[in-house]
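Novice: There's a structure below that I have some questions on.
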Amino acid sequence: MIRSELIQKLTDENPELTVPEVERIVDLFFKEIVDRLATGGRVELRGFGAFTTRSRDARTGRNPRTGEQVPVSAKRVPYFKPGKEMRERLNGAGESVTDA
């Protein structure tokens, strides 16, 4: 699902809201998640999962075209851990996943 599909679904399910109102709500929701993560915080949505950040150390990478070594600076990257309810729903509570 892409952002526009989410906005359309929310608009369809809440006819009392206009499309611009729903867009503002969705934008605010994502902005608050990003702002919290940017300050080193954690965002937990019960039944869905938790967003955090993880630190990556500086390292030496390679340019795939030339093979030249290039420095890659340390950085923080977003990390998502799905909640128990999501994992159970995706995997069919109690069913084992087998190769087809």
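Residues are referred to by chain and number: the chain letter is A, B, ... according to the order shown in the structure tokens, the number counts from 1 in that chain, and ligands are numbered separately from 1 in the order shown.
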Let's see if you can do this: from backbone DSSP, list all strand (DSSP E) residues in chain A, as a list of chain:residue names.

Specialist: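 After running DSSP on the backbone, chain A has strand (DSSP E) at A:Val43, A:Glu44, A:Leu45, A:Gly49, A:Ala50, A:Phe51, A:Thr52, A:Thr53, A:Arg54, A:Ser55, A:Arg56, A:Arg59, A:Thr60, A:Gly61, A:Arg62, A:Gln69, A:Val70, A:Pro71, A:Val72, A:Lys75, A:Arg76, A:Val77, A:Pro78, A:Tyr79, A:Phe80, A:Lys81, A:Pro82.
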
Novice: Name the residues of chain A that come out as helix (DSSP H, G or I) in a backbone DSSP run; write them as a VMD selection string.

Specialist: chain A and resid 3 to 13 19 to 38 84 to 91

Novice: Can you tell me, as number ranges by chain, what residues are no more than 12 Å from Phe30 of chain A when counting only C-alpha atoms, ignoring any on the same chain fewer than 6 positions away?

Specialist: A: 3, 23-24, 36-37, 43, 51

Novice: Go ahead and dump the residues you just picked, N, CA and C atoms, as a CSV table (one decimal), in the first residue's frame.

Specialist:
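And here is the file that came out, out-v2.csv:
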chain,number,residue,atom,x,y,z
A,3,ARG,N,1.1,5.6,0.1
A,3,ARG,CA,0.5,6.7,0.9
A,3,ARG,C,-0.8,7.1,0.3
A,23,GLU,N,-5.2,13.9,4.6
A,23,GLU,CA,-3.8,14.0,4.2
A,23,GLU,C,-3.0,14.7,5.4
A,24,ARG,N,-3.6,15.7,6.0
A,24,ARG,CA,-3.0,16.4,7.1
A,24,ARG,C,-2.8,15.4,8.3
A,36,ARG,N,10.2,11.7,16.6
A,36,ARG,CA,10.6,10.9,17.8
A,36,ARG,C,11.8,10.1,17.5
A,37,LEU,N,11.9,9.4,16.4
A,37,LEU,CA,13.1,8.6,16.1
A,37,LEU,C,14.3,9.5,15.9
A,43,VAL,N,9.0,4.4,19.1
A,43,VAL,CA,7.6,4.6,18.8
A,43,VAL,C,7.0,3.2,18.8
A,51,PHE,N,9.1,1.0,16.3
A,51,PHE,CA,10.1,1.6,15.5
A,51,PHE,C,11.2,2.1,16.5

Novice: Rounded to one decimal in Å, what is the spacing between atom CA of Gly40 of chain A and atom CA of Thr53 of chain A?

Specialist: 7.0 Å

Novice: Find the residues near Ala38 of chain A: any atom within 12 Å, counting only C-alpha atoms, skip ones fewer than 3 places away on the same chain, and give them as JSON, numbers by chain.

Specialist: {"A": [31, 32, 33, 34, 35, 41, 42, 43, 51, 52, 53, 54, 75, 76, 77, 78]}

Novice: Taking into account only C-alpha atoms, which residue in the set A:Asp57, A:Gly83, A:Thr66, A:Pro15 is nearest to Glu44 of chain A?

Specialist: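 Of the candidates, the smallest distance to Glu44 of chain A is held by A:Gly83.
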
Novice: Identify which of the residues A:Asn91, A:Ser4, A:Thr39, A:Asn63 lies closest to Asp27 of chain A, counting only C-alpha atoms when measuring atom-to-atom distances.

Specialist: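 So, comparing all the options, the nearest one is A:Ser4.
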
Novice: For atom CA of Asp12 of chain A and atom CA of Val26 of chain A, determine how far apart the two atoms are, in Å to one decimal place.

Specialist: 14.3 Å
